[in-house]
file my_file29.tsv (TSV, C-alpha atoms)
chain	number	residue	atom	x	y	z
A	8	MET	CA	17.73	52.00	15.51
A	9	ARG	CA	17.91	48.21	15.38
A	10	THR	CA	15.38	47.88	18.16
A	11	ALA	CA	13.03	50.30	16.38
A	12	LEU	CA	13.33	48.29	13.19
A	13	ARG	CA	12.73	45.04	15.04
A	14	LYS	CA	9.73	46.41	16.85
A	15	SER	CA	8.15	47.93	13.74
A	16	ILE	CA	8.34	44.77	11.64
A	17	GLY	CA	5.43	43.11	13.46
A	18	PRO	CA	2.89	45.94	13.16
A	19	LEU	CA	4.06	46.67	9.60
A	20	SER	CA	3.49	43.08	8.47
A	21	ALA	CA	0.06	43.08	10.15
A	22	VAL	CA	-0.91	46.26	8.28
A	23	LEU	CA	0.34	44.88	4.95
A	24	VAL	CA	-1.55	41.60	5.42
A	25	ALA	CA	-4.68	43.62	6.22
A	26	VAL	CA	-4.24	45.77	3.10
A	27	THR	CA	-3.69	42.61	1.04
A	28	ALA	CA	-6.91	41.13	2.43
A	29	TRP	CA	-8.84	44.32	1.66
A	30	LEU	CA	-7.48	44.58	-1.90
A	31	GLY	CA	-7.93	40.86	-2.48
A	32	LEU	CA	-11.47	40.64	-1.20
A	33	PHE	CA	-13.01	43.96	-2.22
A	34	VAL	CA	-10.95	45.88	-4.76
A	35	THR	CA	-9.64	43.29	-7.22
A	36	PRO	CA	-12.01	41.94	-9.89
A	37	ALA	CA	-13.28	38.39	-10.28
A	38	ASP	CA	-11.61	36.09	-12.82
A	39	LYS	CA	-13.31	35.22	-16.09
A	40	ASP	CA	-13.05	31.46	-15.44
A	41	GLN	CA	-12.66	31.15	-11.69
A	42	GLY	CA	-14.93	33.94	-10.53
A	43	ASP	CA	-14.33	34.81	-6.89
A	44	TYR	CA	-12.17	31.73	-6.24
A	45	VAL	CA	-9.34	33.64	-7.91
A	46	ARG	CA	-9.03	35.66	-4.69
A	47	LEU	CA	-7.10	32.73	-3.20
A	48	VAL	CA	-4.23	33.76	-5.47
A	49	TYR	CA	-3.50	36.54	-2.96
A	50	ILE	CA	-2.87	34.00	-0.17
A	51	HIS	CA	-1.80	30.63	-1.48
A	52	PRO	CA	1.19	31.47	-3.72
A	53	ALA	CA	2.58	33.92	-1.16
A	54	MET	CA	2.48	31.23	1.53
A	55	ALA	CA	4.13	28.72	-0.79
A	56	TRP	CA	6.76	31.33	-1.61
A	57	VAL	CA	7.55	31.86	2.07
A	58	ALA	CA	7.59	28.15	2.89
A	59	LEU	CA	9.65	27.07	-0.07
A	60	TYR	CA	12.09	29.85	-0.88
A	61	VAL	CA	12.27	32.14	2.15
A	62	ALA	CA	12.05	29.59	4.98
A	63	PHE	CA	13.95	26.73	3.39
A	64	GLY	CA	16.36	29.19	1.72
A	65	MET	CA	17.14	30.80	5.06
A	66	ALA	CA	17.50	27.42	6.78
A	67	ALA	CA	19.91	26.26	4.04
A	68	VAL	CA	22.03	29.45	4.14
A	69	CYS	CA	22.21	29.44	7.96
A	70	SER	CA	23.12	25.74	7.95
A	71	LEU	CA	25.87	26.42	5.45
A	72	LEU	CA	27.17	29.31	7.55
A	73	TYR	CA	27.22	27.04	10.60
A	74	LEU	CA	29.07	24.25	8.78
A	75	TRP	CA	31.64	26.64	7.37
A	76	LYS	CA	34.38	26.83	10.02
A	77	ARG	CA	35.03	30.57	9.82
A	78	THR	CA	31.42	31.50	10.51
A	79	ARG	CA	30.56	28.62	12.84
A	80	SER	CA	28.25	29.88	15.54
A	81	LEU	CA	25.27	28.45	17.37
A	82	ARG	CA	23.43	31.63	16.42
A	83	PHE	CA	23.14	30.34	12.85
A	84	ASP	CA	21.92	27.00	14.16
A	85	ARG	CA	19.23	28.79	16.16
A	86	LEU	CA	18.27	30.94	13.16
A	87	ALA	CA	17.96	27.87	10.93
A	88	ALA	CA	15.78	26.16	13.51
A	89	ALA	CA	13.55	29.23	13.85
A	90	ALA	CA	13.20	29.46	10.06
A	91	VAL	CA	12.18	25.81	9.79
A	92	GLU	CA	9.75	26.05	12.68
A	93	VAL	CA	7.91	28.98	11.08
A	94	GLY	CA	8.37	27.34	7.69
A	95	VAL	CA	6.38	24.31	8.86
A	96	VAL	CA	3.44	26.59	9.65
A	97	PHE	CA	3.59	28.14	6.18
A	98	THR	CA	4.02	24.77	4.44
A	99	ILE	CA	0.96	23.35	6.16
A	100	LEU	CA	-1.01	26.52	5.38
A	101	THR	CA	0.10	26.17	1.75
A	102	LEU	CA	-1.29	22.62	1.67
A	103	ILE	CA	-4.54	23.70	3.37
A	104	THR	CA	-5.20	26.78	1.22
A	105	GLY	CA	-4.26	24.82	-1.89
A	106	SER	CA	-6.70	22.10	-0.94
A	107	ILE	CA	-9.47	24.65	-0.35
A	108	TRP	CA	-8.71	26.20	-3.75
A	109	GLY	CA	-8.49	22.83	-5.46
A	110	ARG	CA	-11.91	21.57	-4.39
A	111	PRO	CA	-14.05	24.15	-6.25
A	112	THR	CA	-11.72	24.74	-9.20
A	113	TRP	CA	-10.18	21.33	-9.94
A	114	GLY	CA	-12.99	19.36	-8.34
A	115	VAL	CA	-10.76	17.46	-5.88
A	116	TRP	CA	-9.28	18.21	-2.46
A	117	TRP	CA	-6.09	16.34	-3.25
A	118	THR	CA	-4.43	14.47	-6.09
A	119	TRP	CA	-1.04	12.77	-6.27
A	120	ASP	CA	0.52	14.96	-8.93
A	121	ALA	CA	4.20	15.89	-8.79
A	122	ARG	CA	3.70	19.41	-7.38
A	123	LEU	CA	1.38	18.34	-4.57
A	124	THR	CA	3.41	15.24	-3.71
A	125	SER	CA	6.74	17.08	-3.58
A	126	THR	CA	5.19	19.77	-1.36
A	127	ALA	CA	3.89	17.08	1.01
A	128	VAL	CA	7.45	15.70	1.07
A	129	LEU	CA	8.65	19.18	2.05
A	130	ALA	CA	6.27	19.23	5.03
A	131	VAL	CA	7.55	15.82	6.16
A	132	LEU	CA	11.19	16.93	5.76
A	133	PHE	CA	10.52	20.07	7.81
A	134	LEU	CA	8.90	17.99	10.55
A	135	GLY	CA	11.75	15.49	10.35
A	136	TYR	CA	14.24	18.31	10.88
A	137	LEU	CA	12.37	19.40	14.01
A	138	ALA	CA	12.15	15.80	15.26
A	139	LEU	CA	15.90	15.44	14.72
A	140	ARG	CA	16.48	18.48	16.92
A	141	ARG	CA	14.55	16.86	19.76
A	142	VAL	CA	17.05	14.01	19.94
A	143	PRO	CA	19.22	14.77	22.96
A	144	ALA	CA	22.76	15.70	22.00
A	145	GLU	CA	25.47	18.20	22.79
A	146	ALA	CA	24.67	21.60	21.20
A	147	HIS	CA	27.32	21.46	18.45
A	148	VAL	CA	26.59	17.82	17.64
A	149	ARG	CA	22.93	18.66	17.23
A	150	ALA	CA	23.76	21.77	15.19
A	151	ARG	CA	25.97	19.78	12.79
A	152	ARG	CA	23.41	17.02	12.36
A	153	SER	CA	20.62	19.51	11.74
A	154	ALA	CA	22.67	21.55	9.28
A	155	VAL	CA	23.61	18.49	7.21
A	156	PHE	CA	20.00	17.33	7.21
A	157	ALA	CA	18.73	20.77	6.14
A	158	LEU	CA	21.19	20.91	3.24
A	159	LEU	CA	20.25	17.41	2.06
A	160	ALA	CA	16.55	18.29	2.31
A	161	ALA	CA	17.11	21.50	0.32
A	162	VAL	CA	17.46	19.33	-2.80
A	163	ASN	CA	13.67	19.18	-2.74
A	164	VAL	CA	13.28	22.94	-3.32
A	165	PRO	CA	14.25	23.01	-7.02
A	166	ILE	CA	12.30	19.76	-7.50
A	167	ILE	CA	9.13	21.45	-6.25
A	168	HIS	CA	9.77	24.60	-8.28
A	169	PHE	CA	10.32	22.77	-11.57
A	170	SER	CA	7.83	19.95	-10.93
A	171	VAL	CA	5.18	21.70	-13.03
A	172	ILE	CA	7.63	21.95	-15.93
A	173	TRP	CA	9.42	18.60	-15.70
A	174	TRP	CA	6.34	16.45	-15.24
A	175	GLN	CA	2.67	16.43	-16.14
A	176	THR	CA	0.69	17.95	-13.31
A	177	LEU	CA	-2.82	19.04	-12.51
A	178	HIS	CA	-1.32	22.06	-10.79
A	179	GLN	CA	-0.89	25.01	-13.12
A	180	GLY	CA	2.51	26.44	-13.98
A	181	ALA	CA	4.00	29.58	-12.49
A	182	THR	CA	2.17	32.83	-13.15
A	183	VAL	CA	5.09	35.19	-12.60
A	184	LEU	CA	8.31	33.13	-12.44
A	185	ASN	CA	7.47	31.10	-15.56
A	186	PRO	CA	10.11	30.05	-18.10
A	187	ASN	CA	9.37	33.07	-20.33
A	188	LEU	CA	9.36	35.41	-17.33
A	189	SER	CA	6.26	37.05	-18.74
A	190	PRO	CA	3.61	37.33	-16.02
A	191	THR	CA	0.12	36.19	-17.01
A	192	ILE	CA	-1.56	38.47	-14.51
A	193	HIS	CA	-1.96	42.21	-14.88
A	194	GLY	CA	-3.10	45.47	-13.35
A	195	ILE	CA	-4.46	45.60	-9.82
A	196	MET	CA	-4.45	41.78	-9.63
A	197	ALA	CA	-0.69	41.72	-10.26
A	198	TRP	CA	0.01	44.51	-7.76
A	199	THR	CA	-2.06	42.82	-5.06
A	200	LEU	CA	-0.23	39.57	-5.76
A	201	LEU	CA	3.10	41.37	-5.34
A	202	LEU	CA	1.91	43.01	-2.12
A	203	SER	CA	0.83	39.63	-0.73
A	204	PHE	CA	4.36	38.30	-1.29
A	205	ILE	CA	5.88	41.25	0.58
A	206	ALA	CA	3.30	41.09	3.38
A	207	PHE	CA	3.71	37.37	4.10
A	208	THR	CA	7.52	37.58	3.79
A	209	LEU	CA	7.53	40.32	6.45
A	210	LEU	CA	5.17	38.28	8.60
A	211	PHE	CA	7.63	35.40	8.34
A	212	ALA	CA	10.54	37.67	9.27
A	213	TRP	CA	8.67	38.89	12.33
A	214	MET	CA	7.75	35.38	13.47
A	215	VAL	CA	11.35	34.18	13.02
A	216	THR	CA	12.69	37.17	14.97
A	217	VAL	CA	10.40	36.47	17.90
A	218	ARG	CA	11.15	32.74	17.79
A	219	TYR	CA	14.89	33.41	17.71
A	220	GLU	CA	14.67	35.75	20.69
A	221	ILE	CA	12.72	33.18	22.71
A	222	GLU	CA	15.29	30.51	21.89
A	223	THR	CA	18.16	32.81	22.87
A	224	LEU	CA	16.50	33.57	26.21
A	225	ARG	CA	16.01	29.87	26.81
A	226	GLU	CA	19.66	29.10	26.06
A	227	ASP	CA	20.76	31.91	28.37
A	228	ASP	CA	18.48	30.57	31.06
A	229	HIS	CA	19.91	27.09	30.54
A	230	ASP	CA	23.48	28.44	30.74
A	231	ALA	CA	22.64	30.30	33.96
A	232	ASP	CA	21.19	27.11	35.45
A	233	LEU	CA	24.31	25.24	34.44
A	234	ALA	CA	26.59	27.88	36.01
A	235	VAL	CA	24.64	27.67	39.26
A	236	ALA	CA	24.84	23.87	39.26
A	237	ILE	CA	28.60	23.90	38.58
A	238	ALA	CA	29.14	26.42	41.36
A	239	ALA	CA	27.14	24.19	43.69
A	240	ARG	CA	29.21	21.08	42.83
A	241	LYS	CA	32.43	23.06	43.29
A	242	ALA	CA	31.20	24.25	46.66
A	243	GLU	CA	30.60	20.62	47.63
A	244	GLY	CA	34.09	19.66	46.48
A	245	ALA	CA	35.58	22.39	48.72
A	246	GLN	CA	33.89	20.89	51.75
A	247	PRO	CA	35.98	18.38	53.71
B	2	MET	CA	17.37	28.28	40.37
B	3	SER	CA	18.38	30.11	43.51
B	4	GLU	CA	17.67	27.02	45.57
B	5	ALA	CA	20.40	24.93	43.98
B	6	PRO	CA	23.48	26.24	45.83
B	7	GLN	CA	21.58	26.36	49.06
B	8	ALA	CA	20.36	22.80	48.70
B	9	ALA	CA	23.78	21.53	47.71
B	10	THR	CA	25.30	22.59	50.97
B	11	THR	CA	22.87	20.49	52.95
B	12	ASP	CA	23.42	16.81	53.60
B	13	GLY	CA	20.19	15.85	51.85
B	14	THR	CA	21.79	16.19	48.40
B	15	THR	CA	24.53	13.61	48.89
B	16	PRO	CA	22.58	10.74	47.25
B	17	VAL	CA	21.82	13.00	44.28
B	18	VAL	CA	25.51	13.77	43.81
B	19	ALA	CA	26.38	10.11	44.11
B	20	SER	CA	23.90	9.09	41.47
B	21	ALA	CA	24.79	11.94	39.13
B	22	PRO	CA	27.56	10.15	37.16
B	23	ALA	CA	25.31	7.12	36.78
B	24	VAL	CA	22.67	9.08	34.88
B	25	PRO	CA	24.71	9.86	31.74
B	26	THR	CA	26.07	6.30	31.44
B	27	ARG	CA	22.63	4.80	31.82
B	28	ARG	CA	21.27	7.13	29.15
B	29	LEU	CA	24.17	6.72	26.75
B	30	GLY	CA	22.30	4.37	24.44
B	31	ARG	CA	19.04	6.30	24.37
B	32	PRO	CA	19.89	9.29	22.15
B	33	LYS	CA	21.26	6.88	19.55
B	34	VAL	CA	18.09	4.81	19.62
B	35	ARG	CA	16.02	7.96	19.30
B	36	LEU	CA	18.21	9.21	16.47
B	37	ALA	CA	17.73	5.92	14.65
B	38	LEU	CA	13.98	6.05	15.29
B	39	VAL	CA	13.72	9.60	13.96
B	40	GLY	CA	15.74	8.62	10.89
B	41	LEU	CA	13.56	5.58	10.32
B	42	VAL	CA	10.33	7.59	10.57
B	43	ILE	CA	11.62	10.25	8.15
B	44	VAL	CA	12.79	7.67	5.62
B	45	ALA	CA	9.52	5.75	5.91
B	46	ALA	CA	7.37	8.87	5.49
B	47	VAL	CA	9.33	10.23	2.56
B	48	GLY	CA	9.51	6.79	1.01
B	49	PHE	CA	5.76	6.33	1.31
B	50	LEU	CA	5.12	9.71	-0.32
B	51	LEU	CA	7.58	9.02	-3.12
B	52	ILE	CA	6.15	5.59	-3.90
B	53	LYS	CA	2.52	6.62	-3.50
B	54	GLY	CA	2.96	9.93	-5.26
B	55	LEU	CA	5.81	10.04	-7.71
B	56	GLY	CA	5.21	6.50	-8.92
B	57	SER	CA	2.00	7.60	-10.58
B	58	SER	CA	2.51	11.35	-10.77
B	59	LEU	CA	5.50	11.40	-13.09
B	60	ASP	CA	3.21	9.76	-15.62
B	61	TYR	CA	0.25	11.67	-14.24
B	62	PHE	CA	-1.96	11.63	-17.33
B	63	LYS	CA	-2.09	10.55	-20.95
B	64	THR	CA	-2.96	13.06	-23.64
B	65	VAL	CA	-5.62	12.20	-26.23
B	66	ASP	CA	-2.90	11.35	-28.76
B	67	GLN	CA	-1.02	9.11	-26.30
B	68	ALA	CA	-4.24	7.36	-25.27
B	69	LEU	CA	-5.26	6.66	-28.87
B	70	ALA	CA	-1.76	5.53	-29.84
B	71	THR	CA	-1.49	3.03	-26.99
B	72	LYS	CA	-5.16	2.03	-26.88
B	73	GLN	CA	-4.38	-1.65	-27.55
B	74	SER	CA	-2.04	-2.01	-24.61
B	75	ILE	CA	-4.22	0.10	-22.30
B	76	GLY	CA	-7.27	-2.11	-22.80
B	77	THR	CA	-9.81	-1.32	-20.11
B	78	SER	CA	-7.35	-0.37	-17.38
B	79	THR	CA	-7.93	2.87	-15.49
B	80	PHE	CA	-5.86	5.97	-16.27
B	81	ARG	CA	-6.09	9.76	-16.37
B	82	LEU	CA	-6.91	11.31	-19.74
B	83	GLU	CA	-6.07	14.93	-20.47
B	84	GLY	CA	-7.55	17.20	-23.12
B	85	MET	CA	-9.74	20.17	-23.92
B	86	VAL	CA	-13.51	19.84	-23.54
B	87	LYS	CA	-14.78	20.39	-27.08
B	88	ALA	CA	-17.15	23.36	-27.04
B	89	GLY	CA	-20.74	22.47	-27.90
B	90	THR	CA	-20.41	18.75	-27.13
B	91	VAL	CA	-21.43	18.89	-23.46
B	92	THR	CA	-24.80	17.31	-22.68
B	93	ARG	CA	-26.18	16.46	-19.27
B	94	THR	CA	-27.21	12.83	-18.87
B	95	SER	CA	-29.19	11.11	-16.15
B	96	THR	CA	-25.96	9.87	-14.53
B	97	GLY	CA	-23.76	12.89	-15.16
B	98	ALA	CA	-22.50	14.40	-18.39
B	99	SER	CA	-21.29	13.36	-21.80
B	100	PHE	CA	-18.82	15.35	-23.88
B	101	GLU	CA	-15.80	15.06	-26.12
B	102	VAL	CA	-12.22	15.58	-25.00
B	103	ALA	CA	-10.05	16.86	-27.83
B	104	GLN	CA	-6.42	17.52	-28.59
B	105	GLY	CA	-5.44	18.95	-31.94
B	106	GLY	CA	-7.81	17.38	-34.43
B	107	ARG	CA	-8.51	14.15	-32.55
B	108	SER	CA	-11.06	13.56	-29.84
B	109	ILE	CA	-12.40	10.86	-27.51
B	110	PRO	CA	-16.08	10.72	-26.45
B	111	VAL	CA	-16.45	10.65	-22.65
B	112	GLU	CA	-19.36	9.40	-20.56
B	113	ASN	CA	-19.03	10.73	-17.05
B	114	HIS	CA	-20.80	9.33	-14.02
B	115	GLY	CA	-21.24	11.92	-11.30
B	116	SER	CA	-21.71	15.66	-11.48
B	117	PRO	CA	-18.83	17.69	-12.94
B	118	PRO	CA	-17.04	20.38	-10.85
B	119	GLN	CA	-18.23	23.97	-10.89
B	120	LEU	CA	-15.69	25.29	-13.37
B	121	PHE	CA	-16.46	22.56	-15.90
B	122	LYS	CA	-17.58	23.86	-19.29
B	123	GLY	CA	-16.72	23.65	-22.98
B	124	GLY	CA	-13.29	25.01	-23.83
B	125	MET	CA	-11.71	24.20	-20.45
B	126	PRO	CA	-8.74	21.81	-20.18
B	127	VAL	CA	-9.70	18.79	-18.07
B	128	ILE	CA	-8.34	15.51	-16.74
B	129	VAL	CA	-10.85	12.67	-16.63
B	130	VAL	CA	-10.22	9.52	-14.60
B	131	GLY	CA	-11.59	6.28	-15.96
B	132	HIS	CA	-11.19	3.65	-18.67
B	133	PHE	CA	-12.30	2.70	-22.17
B	134	ARG	CA	-15.64	0.87	-22.14
B	135	SER	CA	-14.14	-2.12	-23.96
B	136	SER	CA	-11.06	-2.78	-26.03
B	137	SER	CA	-13.09	-2.27	-29.19
B	138	SER	CA	-15.08	0.75	-27.96
B	139	SER	CA	-13.77	4.27	-28.34
B	140	VAL	CA	-15.98	5.56	-25.50
B	141	PHE	CA	-14.15	6.56	-22.33
B	142	GLU	CA	-16.12	5.94	-19.14
B	143	SER	CA	-15.03	8.35	-16.44
B	144	SER	CA	-15.88	8.56	-12.77
B	145	GLU	CA	-14.12	11.83	-12.02
B	146	ILE	CA	-13.47	15.11	-13.81
B	147	MET	CA	-10.71	17.46	-12.73
B	148	VAL	CA	-10.64	20.92	-14.29
B	149	LYS	CA	-7.11	21.94	-15.17
B	150	HIS	CA	-7.27	25.70	-14.99
B	151	THR	CA	-4.40	27.75	-16.38
B	152	SER	CA	-1.98	30.03	-14.58
B	153	SER	CA	-3.47	33.10	-16.29
B	154	TYR	CA	-5.75	35.34	-14.28
B	155	ILE	CA	-7.95	37.59	-16.36
B	156	GLU	CA	-10.47	40.12	-15.18
B	157	LYS	CA	-14.05	38.96	-15.64
B	158	ASN	CA	-15.65	42.17	-16.86
B	159	PRO	CA	-12.82	44.50	-17.85
B	160	LYS	CA	-15.14	47.16	-19.24
B	161	ARG	CA	-17.41	47.25	-16.23
B	162	VAL	CA	-17.46	50.54	-14.38
B	163	LYS	CA	-19.32	51.68	-11.31
B	164	ALA	CA	-21.84	54.45	-11.90
B	165	SER	CA	-21.79	57.49	-9.66
B	166	ASP	CA	-24.69	56.11	-7.64
B	167	GLY	CA	-22.70	52.92	-6.94
B	168	SER	CA	-24.72	50.68	-9.24
B	169	VAL	CA	-22.98	48.39	-11.68
B	170	ASN	CA	-24.08	48.16	-15.29

call {"tool": "encode", "arguments": {"input": "my_file29.tsv", "output": "structure tokens"}}
result
Amino acid sequence: MRTALRKSIGPLSAVLVAVTAWLGLFVTPADKDQGDYVRLVYIHPAMAWVALYVAFGMAAVCSLLYLWKRTRSLRFDRLAAAAVEVGVVFTILTLITGSIWGRPTWGVWWTWDARLTSTAVLAVLFLGYLALRRVPAEAHVRARRSAVFALLAAVNVPIIHFSVIWWQTLHQGATVLNPNLSPTIHGIMAWTLLLSFIAFTLLFAWMVTVRYEIETLREDDHDADLAVAIAARKAEGAQP
Amino acid sequence: MSEAPQAATTDGTTPVVASAPAVPTRRLGRPKVRLALVGLVIVAAVGFLLIKGLGSSLDYFKTVDQALATKQSIGTSTFRLEGMVKAGTVTRTSTGASFEVAQGGRSIPVENHGSPPQLFKGGMPVIVVGHFRSSSSSVFESSEIMVKHTSSYIEKNPKRVKASDGSVN
């Protein structure tokens, strides 16, 4: 059952992304101001959602679970690392798709407003987390360092979310999760937007699962190597 | 992997074993240096982004009211001005476009150098980057227009339907 679920998540996310692309490109209407550029709304916000809330949320929760003594396990450390690694991909895609959307609609590829700047900070923090993990250290030392760093960096998440409310920005406010919680998108456009969120979240889940499995195999391999090496040294010690 | 125990039993590995304890002690300082380096790079990168970005982005633009209220202190320094393009005031000039940016009842005439972005038209909220021509002039000379589209997405032709032959009216 668990294997079936794990194996189906990849194809399912691929199908949902394909359906999103079809709806977004061919079925949904053009926008009255933006014309066809509006079709980027079925990619860009979903990627930002995954990067910001799903990836960083998962990294923060797993880090917390690792730091909490009763649930301390290197599995959570590995899960947090996998989430961040995939999260980096989505953060950079968010910046790229946003830039592509910004050029024709705003007129600029980039501007230093609070939303864009705080998202760039997120990308740097994600990369910093991964760099920190490359520093050689004993597994639990590295896990503790990484977990503390992830939790400190998580402060940036609410800053990014509320940046369009707290400060003046060129970036528009939220369409769905706005302060009034009244979506300013309707009909097929809204449903396609919702589908894009589900599709990219599943894609993220699949990528994290695969990444986690690879990391587990590598650790097992490392442990096996270590066991062989220890056995070899012991064998030497037994020799006169 | 399978070679390790075999190799260890031969005499050839003795120097390796002898040097093994020396490796960790020699490397003891390195992880700390790398940790410090990583920390330094992260702090520098985030610091650069915060100074470069948030320094100006928290006060990202001035509204028409704010610009008019602080016009004396602004002088001819460059800033971002936000407002709605007044419908019917847009005219193309040889160097770009001229129009009025309004907020409430007040407006500022803008002379833009360079062609406006595709979405630019009367009735759209914009941010123009530039400065007042002189401390006594009310004309704002801009070099860049950014269209500030809203978070609402509205169907272009809601009444449009496809005919049975596939044509669109």

call {"tool": "residues_around", "arguments": {"input": "my_file29.tsv", "residues": "region 103-116 of chain A", "least_positions_apart": "5", "cutoff": "10 Å", "atoms": "all atoms listed in the file", "output": "number ranges by chain"}}
result
A: 40-42, 44-48, 50-52, 54-55, 97-98, 123, 177-178; B: 116-121, 127-128, 145-150

call {"tool": "write_last_selection", "arguments": {"input": "my_file29.tsv", "atoms": "C-alpha atoms", "output": "compact mmCIF listing (two decimals), in the frame of the given file"}}
result
# COMPACT_ATOMS: atom_id res chain seq x y z
CA ASP A 40 -13.05 31.46 -15.44
CA GLN A 41 -12.66 31.15 -11.69
CA GLY A 42 -14.93 33.94 -10.53
CA TYR A 44 -12.17 31.73 -6.24
CA VAL A 45 -9.34 33.64 -7.91
CA ARG A 46 -9.03 35.66 -4.69
CA LEU A 47 -7.10 32.73 -3.20
CA VAL A 48 -4.23 33.76 -5.47
CA ILE A 50 -2.87 34.00 -0.17
CA HIS A 51 -1.80 30.63 -1.48
CA PRO A 52 1.19 31.47 -3.72
CA MET A 54 2.48 31.23 1.53
CA ALA A 55 4.13 28.72 -0.79
CA PHE A 97 3.59 28.14 6.18
CA THR A 98 4.02 24.77 4.44
CA LEU A 123 1.38 18.34 -4.57
CA LEU A 177 -2.82 19.04 -12.51
CA HIS A 178 -1.32 22.06 -10.79
CA SER B 116 -21.71 15.66 -11.48
CA PRO B 117 -18.83 17.69 -12.94
CA PRO B 118 -17.04 20.38 -10.85
CA GLN B 119 -18.23 23.97 -10.89
CA LEU B 120 -15.69 25.29 -13.37
CA PHE B 121 -16.46 22.56 -15.90
CA VAL B 127 -9.70 18.79 -18.07
CA ILE B 128 -8.34 15.51 -16.74
CA GLU B 145 -14.12 11.83 -12.02
CA ILE B 146 -13.47 15.11 -13.81
CA MET B 147 -10.71 17.46 -12.73
CA VAL B 148 -10.64 20.92 -14.29
CA LYS B 149 -7.11 21.94 -15.17
CA HIS B 150 -7.27 25.70 -14.99

call {"tool": "residues_around", "arguments": {"input": "my_file29.tsv", "residues": "Gly131 (chain B)", "least_positions_apart": "5", "cutoff": "6 Å", "atoms": "only C-alpha atoms", "output": "ChimeraX atom specification"}}
result
/B:79-80,142-144

call {"tool": "closest_atom_pairs", "arguments": {"input": "my_file29.tsv", "of": "chain A", "to": "chain B", "cutoff": "6 Å", "atoms": "all atoms listed in the file", "output": "JSON lines"}}
result
{"residue": "A:Pro36", "atom": "CA", "partner": "B:Glu156", "partner_atom": "CA", "distance": 5.8}
{"residue": "A:Ala37", "atom": "CA", "partner": "B:Lys157", "partner_atom": "CA", "distance": 5.4}
{"residue": "A:Asp38", "atom": "CA", "partner": "B:Lys157", "partner_atom": "CA", "distance": 4.7}
{"residue": "A:Lys39", "atom": "CA", "partner": "B:Lys157", "partner_atom": "CA", "distance": 3.8}
{"residue": "A:Thr112", "atom": "CA", "partner": "B:Leu120", "partner_atom": "CA", "distance": 5.8}
{"residue": "A:Trp113", "atom": "CA", "partner": "B:Val148", "partner_atom": "CA", "distance": 4.4}
{"residue": "A:Gly114", "atom": "CA", "partner": "B:Pro118", "partner_atom": "CA", "distance": 4.9}
{"residue": "A:Trp119", "atom": "CA", "partner": "B:Gly54", "partner_atom": "CA", "distance": 5.0}
{"residue": "A:Asp120", "atom": "CA", "partner": "B:Ser58", "partner_atom": "CA", "distance": 4.5}
{"residue": "A:Ala121", "atom": "CA", "partner": "B:Ser58", "partner_atom": "CA", "distance": 5.2}
{"residue": "A:Thr124", "atom": "CA", "partner": "B:Gly54", "partner_atom": "CA", "distance": 5.5}
{"residue": "A:Val128", "atom": "CA", "partner": "B:Val47", "partner_atom": "CA", "distance": 6.0}
{"residue": "A:Gly135", "atom": "CA", "partner": "B:Ile43", "partner_atom": "CA", "distance": 5.7}
{"residue": "A:Val142", "atom": "CA", "partner": "B:Pro32", "partner_atom": "CA", "distance": 5.9}
{"residue": "A:Pro143", "atom": "CA", "partner": "B:Pro32", "partner_atom": "CA", "distance": 5.6}
{"residue": "A:Trp174", "atom": "CA", "partner": "B:Leu59", "partner_atom": "CA", "distance": 5.6}
{"residue": "A:Gln175", "atom": "CA", "partner": "B:Tyr61", "partner_atom": "CA", "distance": 5.7}
{"residue": "A:Leu177", "atom": "CA", "partner": "B:Lys149", "partner_atom": "CA", "distance": 5.8}
{"residue": "A:Gln179", "atom": "CA", "partner": "B:Ser152", "partner_atom": "CA", "distance": 5.3}
{"residue": "A:Gly180", "atom": "CA", "partner": "B:Ser152", "partner_atom": "CA", "distance": 5.8}
{"residue": "A:Thr182", "atom": "CA", "partner": "B:Ser152", "partner_atom": "CA", "distance": 5.2}
{"residue": "A:Thr191", "atom": "CA", "partner": "B:Ser153", "partner_atom": "CA", "distance": 4.8}
{"residue": "A:Ile192", "atom": "CA", "partner": "B:Tyr154", "partner_atom": "CA", "distance": 5.2}
{"residue": "A:Ala239", "atom": "CA", "partner": "B:Pro6", "partner_atom": "CA", "distance": 4.7}

call {"tool": "closest_residue", "arguments": {"input": "my_file29.tsv", "among": "B:Gln67, B:Thr96, B:Ser137, B:Ser78", "to": "Asn113 (chain B)", "atoms": "all atoms listed in the file"}}
result
B:Thr96

call {"tool": "residues_around", "arguments": {"input": "my_file29.tsv", "residues": "Phe141 (chain B)", "least_positions_apart": "3", "cutoff": "6 Å", "atoms": "only C-alpha atoms", "output": "count of residues only"}}
result
4

call {"tool": "residues_near_point", "arguments": {"input": "my_file29.tsv", "point": "(4.0, 46.9, 7.1)", "cutoff": "12 Å", "atoms": "all atoms listed in the file", "output": "compact mmCIF listing (two decimals) with C-alpha atoms, keeping the file's coordinate frame"}}
result
# COMPACT_ATOMS: atom_id res chain seq x y z
CA LEU A 12 13.33 48.29 13.19
CA ARG A 13 12.73 45.04 15.04
CA LYS A 14 9.73 46.41 16.85
CA SER A 15 8.15 47.93 13.74
CA ILE A 16 8.34 44.77 11.64
CA GLY A 17 5.43 43.11 13.46
CA PRO A 18 2.89 45.94 13.16
CA LEU A 19 4.06 46.67 9.60
CA SER A 20 3.49 43.08 8.47
CA ALA A 21 0.06 43.08 10.15
CA VAL A 22 -0.91 46.26 8.28
CA LEU A 23 0.34 44.88 4.95
CA VAL A 24 -1.55 41.60 5.42
CA ALA A 25 -4.68 43.62 6.22
CA VAL A 26 -4.24 45.77 3.10
CA THR A 27 -3.69 42.61 1.04
CA LEU A 202 1.91 43.01 -2.12
CA SER A 203 0.83 39.63 -0.73
CA ILE A 205 5.88 41.25 0.58
CA ALA A 206 3.30 41.09 3.38
CA PHE A 207 3.71 37.37 4.10
CA THR A 208 7.52 37.58 3.79
CA LEU A 209 7.53 40.32 6.45
CA LEU A 210 5.17 38.28 8.60
CA ALA A 212 10.54 37.67 9.27
CA TRP A 213 8.67 38.89 12.33
